[in-house]
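Asker: Handing over input_21.tsv, TSV, C-alpha atoms and all ligand atoms.
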chain	number	residue	atom	x	y	z
A	1	MET	CA	-12.67	-28.81	5.95
A	2	ALA	CA	-11.59	-25.28	6.75
A	3	ASP	CA	-11.75	-23.77	10.23
A	4	PHE	CA	-14.39	-21.12	9.57
A	5	TYR	CA	-15.67	-18.51	11.98
A	6	GLU	CA	-19.13	-17.05	11.40
A	7	PHE	CA	-19.92	-13.32	11.74
A	8	TYR	CA	-16.27	-12.69	12.49
A	9	PRO	CA	-15.42	-9.17	13.76
A	10	LEU	CA	-12.97	-7.36	11.49
A	11	ARG	CA	-12.20	-4.29	13.59
A	12	ALA	CA	-8.72	-5.60	14.42
A	13	HIS	CA	-8.14	-6.54	10.78
A	14	ASN	CA	-8.38	-3.08	9.20
A	15	THR	CA	-6.10	-0.19	10.16
A	16	PHE	CA	-8.97	2.32	9.92
A	17	GLY	CA	-10.50	0.35	12.81
A	18	PHE	CA	-13.99	0.24	11.31
A	19	ASP	CA	-16.46	-2.17	12.87
A	20	ALA	CA	-17.68	-4.73	10.35
A	21	ARG	CA	-18.30	-8.44	10.39
A	22	ALA	CA	-17.51	-11.16	7.91
A	23	ARG	CA	-20.16	-13.80	7.19
A	24	LEU	CA	-17.31	-16.35	7.17
A	25	ALA	CA	-13.62	-15.98	8.00
A	26	ALA	CA	-10.64	-18.29	8.20
A	27	HIS	CA	-7.02	-17.90	9.24
A	28	ILE	CA	-4.86	-19.04	6.32
A	29	ARG	CA	-1.48	-20.23	7.58
A	30	SER	CA	-0.43	-22.44	4.66
A	31	GLU	CA	-1.18	-23.05	0.99
A	32	SER	CA	-3.19	-26.13	1.96
A	33	ASP	CA	-5.32	-24.01	4.35
A	34	LEU	CA	-6.03	-21.77	1.35
A	35	VAL	CA	-7.08	-24.60	-0.95
A	36	SER	CA	-9.28	-26.17	1.70
A	37	ALA	CA	-11.03	-22.85	2.48
A	38	LEU	CA	-11.67	-22.18	-1.21
A	39	SER	CA	-13.10	-25.63	-1.81
A	40	ASP	CA	-15.21	-25.78	1.33
A	41	PRO	CA	-18.92	-26.19	0.48
A	42	ARG	CA	-19.88	-23.60	3.13
A	43	ALA	CA	-18.10	-20.91	1.08
A	44	ALA	CA	-19.50	-22.06	-2.26
A	45	GLY	CA	-20.94	-19.17	-4.29
A	46	MET	CA	-19.75	-16.57	-1.78
A	47	PRO	CA	-17.45	-13.75	-2.81
A	48	VAL	CA	-13.92	-14.21	-1.45
A	49	VAL	CA	-12.14	-11.28	0.20
A	50	VAL	CA	-8.45	-11.58	1.01
A	51	LEU	CA	-7.12	-9.50	3.91
A	52	GLY	CA	-3.46	-9.07	4.79
A	53	GLY	CA	-2.83	-6.34	7.35
A	54	GLY	CA	-5.99	-4.51	6.27
A	55	SER	CA	-3.91	-1.36	5.85
A	56	ASN	CA	-5.24	-0.41	2.43
A	57	VAL	CA	-8.95	-1.15	2.66
A	58	VAL	CA	-12.08	0.75	3.61
A	59	LEU	CA	-14.80	-1.47	5.07
A	60	THR	CA	-18.10	0.24	4.32
A	61	GLY	CA	-20.26	-2.37	6.06
A	62	ASP	CA	-20.57	-6.05	6.95
A	63	LEU	CA	-19.13	-8.39	4.33
A	64	ASP	CA	-21.43	-11.10	3.04
A	65	ALA	CA	-18.29	-12.89	1.96
A	66	CYS	CA	-15.71	-15.46	2.91
A	67	VAL	CA	-12.78	-13.46	4.32
A	68	LEU	CA	-9.37	-15.09	4.17
A	69	LEU	CA	-6.99	-13.72	6.79
A	70	MET	CA	-3.60	-14.28	5.18
A	71	GLU	CA	-1.05	-15.38	7.77
A	72	ILE	CA	1.28	-17.62	5.75
A	73	PRO	CA	4.78	-17.32	7.30
A	74	GLY	CA	8.17	-17.78	5.67
A	75	TYR	CA	11.57	-16.18	5.18
A	76	ASP	CA	14.25	-17.59	2.93
A	77	ILE	CA	17.38	-16.23	1.24
A	78	ALA	CA	18.93	-17.60	-1.96
A	79	GLU	CA	21.65	-16.33	-4.29
A	80	ASP	CA	21.22	-15.48	-7.95
A	81	GLY	CA	24.47	-14.17	-9.46
A	82	ALA	CA	24.82	-10.53	-8.45
A	83	ASP	CA	21.64	-10.54	-6.38
A	84	TRP	CA	20.09	-11.97	-3.24
A	85	LEU	CA	16.65	-13.45	-3.64
A	86	VAL	CA	14.60	-13.03	-0.48
A	87	THR	CA	11.33	-14.96	-0.33
A	88	ALA	CA	8.71	-14.03	2.25
A	89	GLY	CA	5.41	-15.72	3.06
A	90	ALA	CA	2.40	-13.55	2.21
A	91	GLY	CA	1.51	-13.13	5.87
A	92	GLU	CA	4.87	-11.72	6.99
A	93	ASN	CA	4.67	-8.18	8.34
A	94	TRP	CA	6.26	-5.88	5.73
A	95	HIS	CA	8.19	-3.65	8.11
A	96	ASN	CA	9.58	-6.65	10.01
A	97	LEU	CA	10.72	-8.06	6.67
A	98	VAL	CA	12.51	-4.79	5.83
A	99	SER	CA	14.20	-4.76	9.26
A	100	ARG	CA	15.21	-8.39	9.00
A	101	THR	CA	16.80	-8.03	5.56
A	102	VAL	CA	18.72	-4.93	6.63
A	103	ALA	CA	19.88	-6.66	9.83
A	104	ASP	CA	20.98	-9.67	7.74
A	105	GLY	CA	23.11	-7.38	5.56
A	106	ARG	CA	20.77	-7.58	2.56
A	107	ALA	CA	20.10	-3.97	1.69
A	108	GLY	CA	17.57	-2.61	-0.77
A	109	LEU	CA	14.24	-2.38	1.04
A	110	GLU	CA	15.23	0.35	3.54
A	111	ASN	CA	13.36	3.17	1.73
A	112	LEU	CA	10.18	1.13	2.23
A	113	ALA	CA	10.51	0.92	6.03
A	114	LEU	CA	7.47	1.39	8.27
A	115	ILE	CA	4.88	0.85	5.54
A	116	PRO	CA	2.01	-0.94	7.28
A	117	GLY	CA	0.71	-4.24	5.94
A	118	THR	CA	1.98	-7.61	4.81
A	119	ALA	CA	4.47	-8.89	2.22
A	120	GLY	CA	1.63	-10.48	0.26
A	121	ALA	CA	-0.23	-7.18	-0.03
A	122	ALA	CA	2.83	-5.21	-1.15
A	123	PRO	CA	2.57	-6.12	-4.87
A	124	ILE	CA	-1.14	-5.33	-5.09
A	125	GLN	CA	-0.69	-1.57	-4.98
A	126	ASN	CA	3.05	-1.71	-5.81
A	127	ILE	CA	3.93	0.00	-2.52
A	128	GLY	CA	6.37	2.85	-2.87
A	129	ALA	CA	8.01	5.55	-0.82
A	130	TYR	CA	11.04	7.85	-0.83
A	131	GLY	CA	12.18	7.02	-4.36
A	132	VAL	CA	11.74	3.23	-4.36
A	133	GLU	CA	8.77	1.14	-5.45
A	134	LEU	CA	8.26	-2.54	-4.85
A	135	ARG	CA	8.70	-3.20	-8.60
A	136	ASP	CA	12.31	-1.94	-8.38
A	137	ARG	CA	13.09	-4.82	-6.00
A	138	PHE	CA	10.72	-7.47	-7.30
A	139	ALA	CA	11.67	-10.87	-8.76
A	140	ARG	CA	8.47	-12.94	-8.76
A	141	LEU	CA	5.56	-14.11	-6.66
A	142	ARG	CA	3.63	-17.26	-6.07
A	143	ALA	CA	-0.15	-17.14	-6.19
A	144	TYR	CA	-3.15	-19.41	-6.34
A	145	ASP	CA	-4.95	-18.94	-9.65
A	146	ARG	CA	-8.66	-19.37	-8.86
A	147	GLN	CA	-9.52	-19.69	-12.55
A	148	ALA	CA	-7.01	-22.44	-13.38
A	149	ARG	CA	-7.22	-23.88	-9.84
A	150	GLU	CA	-3.48	-24.19	-9.50
A	151	PHE	CA	-0.51	-22.39	-8.01
A	152	VAL	CA	1.39	-20.21	-10.48
A	153	THR	CA	4.55	-18.10	-10.52
A	154	LEU	CA	4.20	-14.55	-11.86
A	155	ASP	CA	7.29	-12.53	-12.83
A	156	LEU	CA	7.86	-8.78	-13.00
A	157	ASP	CA	6.28	-8.35	-16.45
A	158	ALA	CA	3.27	-10.50	-15.62
A	159	CYS	CA	2.45	-8.33	-12.59
A	160	ALA	CA	2.14	-5.20	-14.83
A	161	PHE	CA	3.15	-2.80	-12.06
A	162	GLY	CA	2.35	0.90	-12.33
A	163	TYR	CA	2.16	3.77	-9.85
A	164	ARG	CA	0.08	2.32	-6.95
A	165	ASP	CA	-1.23	-0.18	-9.47
A	166	SER	CA	-0.78	-3.75	-10.71
A	167	LEU	CA	-2.48	-6.70	-12.40
A	168	PHE	CA	-4.02	-7.48	-8.98
A	169	LYS	CA	-5.99	-4.22	-8.93
A	170	ARG	CA	-7.29	-4.81	-12.46
A	171	GLU	CA	-7.81	-8.03	-14.48
A	172	GLY	CA	-6.30	-10.21	-11.77
A	173	ARG	CA	-8.37	-8.75	-8.97
A	174	ASP	CA	-10.54	-11.77	-8.14
A	175	ARG	CA	-8.31	-14.29	-9.82
A	176	TYR	CA	-5.02	-14.51	-7.93
A	177	ILE	CA	-4.34	-14.98	-4.23
A	178	ILE	CA	-0.71	-14.21	-3.43
A	179	THR	CA	0.97	-16.72	-1.09
A	180	ALA	CA	4.68	-15.71	-1.29
A	181	VAL	CA	6.76	-12.87	-2.71
A	182	THR	CA	10.38	-13.05	-3.89
A	183	LEU	CA	12.44	-9.85	-3.83
A	184	ARG	CA	15.66	-9.21	-5.76
A	185	LEU	CA	18.23	-7.30	-3.71
A	186	PRO	CA	21.51	-6.31	-5.38
A	187	LYS	CA	24.68	-7.45	-3.60
A	188	ASP	CA	26.33	-4.29	-4.94
A	189	TRP	CA	23.93	-1.95	-3.15
A	190	GLN	CA	23.83	1.81	-3.51
A	191	PRO	CA	21.55	4.02	-1.41
A	192	VAL	CA	18.63	5.66	-3.25
A	193	LEU	CA	18.61	9.27	-2.06
A	194	ASN	CA	16.83	11.12	-4.86
A	195	TYR	CA	13.79	12.05	-2.73
A	196	GLY	CA	14.59	15.57	-1.49
A	197	GLU	CA	13.30	15.13	2.03
A	198	LEU	CA	15.31	11.93	2.54
A	199	ALA	CA	18.49	13.48	1.14
A	200	ARG	CA	18.07	16.42	3.55
A	201	GLU	CA	17.53	14.07	6.48
A	202	LEU	CA	20.86	12.36	5.67
A	203	GLN	CA	22.88	15.41	4.54
A	204	ASP	CA	25.38	15.13	7.40
A	205	ILE	CA	26.31	11.51	6.60
A	206	ALA	CA	28.81	11.09	3.73
A	207	SER	CA	27.84	7.57	2.63
A	208	PRO	CA	24.89	6.33	4.64
A	209	SER	CA	24.43	2.62	5.36
A	210	ALA	CA	21.15	0.84	4.69
A	211	ALA	CA	20.39	0.96	8.42
A	212	GLN	CA	20.92	4.74	8.44
A	213	VAL	CA	18.62	5.17	5.43
A	214	ARG	CA	16.00	3.00	7.14
A	215	ASP	CA	16.25	5.08	10.32
A	216	ALA	CA	15.91	8.32	8.35
A	217	VAL	CA	12.79	6.98	6.59
A	218	ILE	CA	11.34	5.93	9.94
A	219	ALA	CA	12.05	9.42	11.35
A	220	ILE	CA	10.36	11.20	8.41
A	221	ARG	CA	7.33	8.90	8.37
A	222	SER	CA	6.88	9.14	12.14
A	223	ARG	CA	6.82	12.94	11.88
A	224	LYS	CA	4.09	13.20	9.28
A	225	LEU	CA	2.10	9.97	9.13
A	226	PRO	CA	-0.15	8.76	11.97
A	227	ASP	CA	0.59	5.38	13.58
A	228	PRO	CA	-2.46	3.18	12.82
A	229	ALA	CA	-2.13	1.66	16.31
A	230	GLN	CA	-3.02	5.10	17.66
A	231	ILE	CA	-5.21	6.75	14.98
A	232	GLY	CA	-7.16	4.75	12.40
A	233	ASN	CA	-5.87	5.44	8.88
A	234	ALA	CA	-4.73	3.78	5.65
A	235	GLY	CA	-1.77	5.98	4.74
A	236	SER	CA	-2.32	8.19	1.69
A	237	PHE	CA	-6.02	8.08	0.94
A	238	PHE	CA	-5.66	9.53	-2.57
A	239	LYS	CA	-3.19	8.81	-5.35
A	240	ASN	CA	-1.14	11.72	-6.64
A	241	PRO	CA	-2.85	12.58	-9.95
A	242	VAL	CA	-0.79	12.48	-13.14
A	243	VAL	CA	-1.63	15.20	-15.71
A	244	GLU	CA	-0.45	16.32	-19.16
A	245	SER	CA	2.31	18.93	-19.17
A	246	VAL	CA	0.02	21.61	-20.69
A	247	GLN	CA	-2.39	21.23	-17.80
A	248	ARG	CA	0.43	21.36	-15.27
A	249	ASP	CA	1.87	24.49	-16.94
A	250	ALA	CA	-1.52	26.22	-16.82
A	251	LEU	CA	-1.96	25.29	-13.15
A	252	LEU	CA	1.56	26.46	-12.32
A	253	ALA	CA	0.92	29.82	-13.98
A	254	GLU	CA	-2.12	30.29	-11.78
A	255	HIS	CA	-0.64	28.69	-8.62
A	256	PRO	CA	3.15	29.29	-8.56
A	257	ALA	CA	3.53	27.17	-5.38
A	258	LEU	CA	2.04	24.06	-7.05
A	259	VAL	CA	4.09	20.94	-6.19
A	260	SER	CA	4.67	18.69	-9.23
A	261	TYR	CA	7.16	16.07	-10.35
A	262	PRO	CA	8.09	15.26	-13.98
A	263	GLN	CA	7.36	11.67	-15.04
A	264	PRO	CA	9.42	9.59	-17.50
A	265	ASP	CA	6.62	9.90	-20.09
A	266	GLY	CA	6.67	13.71	-20.08
A	267	ARG	CA	3.58	14.07	-17.89
A	268	TYR	CA	3.58	15.47	-14.33
A	269	LYS	CA	2.54	14.00	-11.02
A	270	LEU	CA	0.87	16.57	-8.76
A	271	ALA	CA	1.11	16.40	-4.96
A	272	ALA	CA	-2.51	15.64	-4.01
A	273	GLY	CA	-1.63	16.55	-0.39
A	274	TRP	CA	-0.82	20.08	-1.56
A	275	LEU	CA	-4.06	20.37	-3.58
A	276	ILE	CA	-6.15	19.21	-0.59
A	277	ASP	CA	-4.19	21.43	1.80
A	278	GLN	CA	-4.87	24.47	-0.44
A	279	CYS	CA	-8.60	23.75	-0.19
A	280	GLY	CA	-8.33	24.10	3.58
A	281	PHE	CA	-9.08	20.53	4.57
A	282	LYS	CA	-5.92	19.77	6.53
A	283	GLY	CA	-6.79	18.97	10.15
A	284	LEU	CA	-10.53	19.02	9.43
A	285	ASP	CA	-12.69	17.13	11.94
A	286	ASP	CA	-15.95	15.75	10.60
A	287	GLY	CA	-17.16	13.94	13.71
A	288	PRO	CA	-15.43	10.56	14.03
A	289	VAL	CA	-13.59	10.93	10.69
A	290	GLY	CA	-11.31	13.66	9.43
A	291	VAL	CA	-8.14	14.79	7.68
A	292	TYR	CA	-4.81	14.36	9.46
A	293	GLY	CA	-3.31	17.62	10.70
A	294	LYS	CA	0.23	16.95	9.44
A	295	GLN	CA	-0.53	15.42	6.01
A	296	ALA	CA	-3.65	16.36	4.10
A	297	LEU	CA	-3.44	13.20	1.99
A	298	VAL	CA	-4.25	11.02	5.00
A	299	LEU	CA	-7.84	10.52	6.17
A	300	VAL	CA	-8.32	9.40	9.76
A	301	HIS	CA	-10.90	7.64	11.90
A	302	HIS	CA	-10.96	8.47	15.61
A	303	GLY	CA	-13.37	5.65	16.54
A	304	GLY	CA	-17.12	5.14	16.41
A	305	GLY	CA	-17.43	6.13	12.74
A	306	THR	CA	-18.20	4.22	9.57
A	307	GLY	CA	-16.48	3.60	6.28
A	308	ALA	CA	-19.51	5.16	4.57
A	309	ALA	CA	-18.99	8.45	6.47
A	310	LEU	CA	-15.32	8.39	5.51
A	311	LEU	CA	-16.18	7.90	1.83
A	312	LYS	CA	-18.61	10.80	2.01
A	313	LEU	CA	-15.83	13.03	3.31
A	314	ALA	CA	-13.46	11.69	0.63
A	315	ASN	CA	-15.98	12.59	-2.10
A	316	ARG	CA	-16.42	16.06	-0.69
A	317	ILE	CA	-12.65	16.57	-0.76
A	318	ALA	CA	-12.32	15.21	-4.31
A	319	ASP	CA	-15.21	17.41	-5.53
A	320	THR	CA	-13.71	20.53	-3.94
A	321	VAL	CA	-10.26	19.82	-5.43
A	322	GLN	CA	-11.85	19.26	-8.83
A	323	ALA	CA	-13.85	22.49	-8.67
A	324	ARG	CA	-10.78	24.50	-7.69
A	325	PHE	CA	-8.04	22.88	-9.81
A	326	GLY	CA	-9.90	20.92	-12.50
A	327	VAL	CA	-8.13	17.70	-11.45
A	328	ARG	CA	-9.90	14.58	-10.19
A	329	ILE	CA	-8.11	12.79	-7.34
A	330	GLU	CA	-8.81	9.08	-6.96
A	331	PRO	CA	-8.83	6.99	-3.76
A	332	GLU	CA	-5.89	4.65	-3.28
A	333	PRO	CA	-7.34	2.00	-0.91
A	334	VAL	CA	-9.60	-0.83	-1.98
A	335	ILE	CA	-13.21	-0.01	-1.06
A	336	LEU	CA	-15.11	-3.08	0.19
A	401	LIG	N1	2.09	18.70	0.89
A	401	LIG	C1	1.43	19.81	1.34
A	401	LIG	N2	0.45	19.66	2.29
A	401	LIG	C2	0.15	18.44	2.81
A	401	LIG	C3	0.84	17.30	2.35
A	401	LIG	C4	1.82	17.47	1.38
A	401	LIG	O1	1.68	20.92	0.89
A	401	LIG	O2	-0.71	18.39	3.66
A	401	LIG	C5	3.19	18.85	-0.08
A	401	LIG	C6	4.53	18.67	0.63
A	401	LIG	O3	5.01	19.87	1.10
A	401	LIG	C7	5.40	18.10	-0.45
A	401	LIG	C8	4.45	17.37	-1.35
A	401	LIG	O4	3.14	17.80	-1.03
A	401	LIG	O5	6.02	19.13	-1.18
A	401	LIG	C9	4.60	15.88	-1.25
A	401	LIG	O6	4.37	15.45	0.08
A	401	LIG	P1	5.06	14.13	0.68
A	401	LIG	O7	6.53	14.19	0.51
A	401	LIG	O8	4.55	13.94	2.05
A	401	LIG	O9	4.61	12.96	-0.25
A	401	LIG	P2	3.20	12.59	-0.85
A	401	LIG	O10	3.25	12.81	-2.33
A	401	LIG	O11	2.13	13.29	-0.10
A	401	LIG	C10	3.80	10.13	-1.41
A	401	LIG	C11	3.18	8.78	-1.21
A	401	LIG	C12	3.44	8.30	0.21
A	401	LIG	C13	4.93	8.18	0.41
A	401	LIG	C14	5.57	9.58	0.16
A	401	LIG	C15	7.06	9.49	0.16
A	401	LIG	C16	1.28	8.62	-2.68
A	401	LIG	C17	-0.20	8.64	-2.80
A	401	LIG	N3	1.76	8.83	-1.46
A	401	LIG	O12	3.13	11.03	-0.55
A	401	LIG	O13	2.88	6.98	0.30
A	401	LIG	O14	5.24	7.76	1.72
A	401	LIG	O15	5.18	10.07	-1.15
A	401	LIG	O16	7.51	8.81	-0.97
A	401	LIG	O17	1.97	8.41	-3.66
A	401	LIG	C18	0.95	5.74	0.93
A	401	LIG	O18	0.89	5.38	-0.25
A	401	LIG	O19	0.12	5.35	1.78
A	401	LIG	C19	1.99	6.67	1.32
A	401	LIG	C20	2.08	7.17	2.54
Render the structure in this file as structure tokens.
Answerer:
Amino acid sequence: MADFYEFYPLRAHNTFGFDARARLAAHIRSESDLVSALSDPRAAGMPVVVLGGGSNVVLTGDLDACVLLMEIPGYDIAEDGADWLVTAGAGENWHNLVSRTVADGRAGLENLALIPGTAGAAPIQNIGAYGVELRDRFARLRAYDRQAREFVTLDLDACAFGYRDSLFKREGRDRYIITAVTLRLPKDWQPVLNYGELARELQDIASPSAAQVRDAVIAIRSRKLPDPAQIGNAGSFFKNPVVESVQRDALLAEHPALVSYPQPDGRYKLAAGWLIDQCGFKGLDDGPVGVYGKQALVLVHHGGGTGAALLKLANRIADTVQARFGVRIEPEPVIL
């Protein structure tokens, strides 16, 4: 039998800090905790919601669901030819994992420092920042397959990673529950410095170490992204939209300051933060919710508000951007 709580408060389990309760909740500290929660008759027929750090979700109300609070620990290093394989339990804090690997002399995750959330949540949206995405450092993961009722191993191809996207946001959404993630870190490490702002931050250091790259990323993020411990937020609220090159060229002709990045497939990614900023939303206060003053892509909750009010603001922003630029921006977090 699982250790269930009833009407469990989730405010401390989502970085927006919205008040919502779960009909049932359980702390999952091992794979056997997971199996026993899923097979418990009290949860039969109820939707299952998996929460890691709650840093990429919007809770719009109470959840008539069985919420699994993923806290499975674990940290292990193995060798595979030219690479280190680092395996982390799904419940490990992502930033602590980055720090620990760098401190242990296993470089490769430093560009992903300070991203809130857990190791088990990282593959779901294929976290990425400053020129590196999780998929660039990914070997495999272990998950419970709720359809087959068994634990499975999924490799890089199986996870079908895309920009802020994966199998787990699409077909696999209610099927797999990630319990451990294995990262592939090259022994012959080279810093990834192709993101302009990071290169500028490190311009005075000839060949930066992984620790120096990590510190630079921490410095940049701390300057422009709010700390969820202080201001409720879920990082970027919108994905950067990807458009055809003809559309980007037309927009650029009309708006010479447009920020865009060429993609490998010939299309262009537009900086949604710039689009929102141009519409005048940066720093907007809409009662308890608003737009962060230093990064227009980040929506914030100052306390006492609801996920529904935040979504209303998000729709208003998306509609205004669409009317002005003809581009639809889509939310990045999972809306529950
Ligand atoms: N910009 C503005 N105004 C703003 C915000 C941005 O003009 O209010 C412009 C900036 O001047 C810059 C461009 O937009 O030229 C891009 O801004 P930034 O470098 O801050 O990156 P981003 O595209 O806004 C993305 C990720 C971040 C990630 C950074 C660094 C998405 C949705 N967001 O933000 O990821 O940290 O790049 O790689 O892809 C997250 O996913 O939660 C997240 C924070």
Asker: Pick out the closest residue to Thr60 in chain A from this set: A:Asp40, A:Asp19, A:Glu31, A:Asp145. Count all atoms listed in the file.
Answerer: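 Ranked by minimum distance to Thr60 in chain A, first place goes to A:Asp19.
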Asker: For ligand LIG 401 (chain A), list the contacting residues at 6 Å or closer, counting all atoms listed in the file, as a list in words.
Answerer: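 Checked against 6 Å with all atoms listed in the file; the hits are Ala129, Tyr130, Gly235, Ser236, Phe238, Lys239, Asn240, Val259, Ala271, Gly273, Trp274, Asp277, Gln295, Ala296 and Leu297 of chain A.
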Asker: Pick from A:Leu251, A:Val289, A:Ile231, A:Ala107: nearest to Gly305 in chain A, with all atoms listed in the file counted?
Answerer: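 Nearest candidate to Gly305 in chain A out of A:Leu251, A:Val289, A:Ile231, A:Ala107: A:Val289.
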Asker: Could you check how far CA of Pro241 in chain A sits from CA of Pro228 in chain A, in Å to one decimal?
Answerer: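 Result for CA of Pro241 in chain A versus CA of Pro228 in chain A: 24.6 Å, one decimal.
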Asker: Leaving out range 209-216 of chain A and any residue of its chain fewer than 5 positions from it, which residues lie within 7 Å of it when counting only C-alpha atoms, given as a PyMOL selection string?
Answerer: chain A and resi 102+107+110-111+113+191+198+201-202
Asker: Residues around (2.9, -9.1, -15.8), cut-off 12 Å, counting all atoms listed in the file - what are they as a PyMOL selection string?
Answerer: chain A and resi 123+135+138-141+153-162+165-168+170-172
Asker: Just how far from CA of Ala25 in chain A is CA of Leu69 in chain A, in Å to one decimal?
Answerer: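 Those two atoms sit 7.1 Å apart.
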Asker: For Gly326 in chain A, find every residue with an atom within 10 Å (counting only C-alpha atoms), except residues of its own chain fewer than 4 positions away, and show them as JSON, numbers by chain.
Answerer: {"A": [247, 251, 319, 320, 321, 322]}
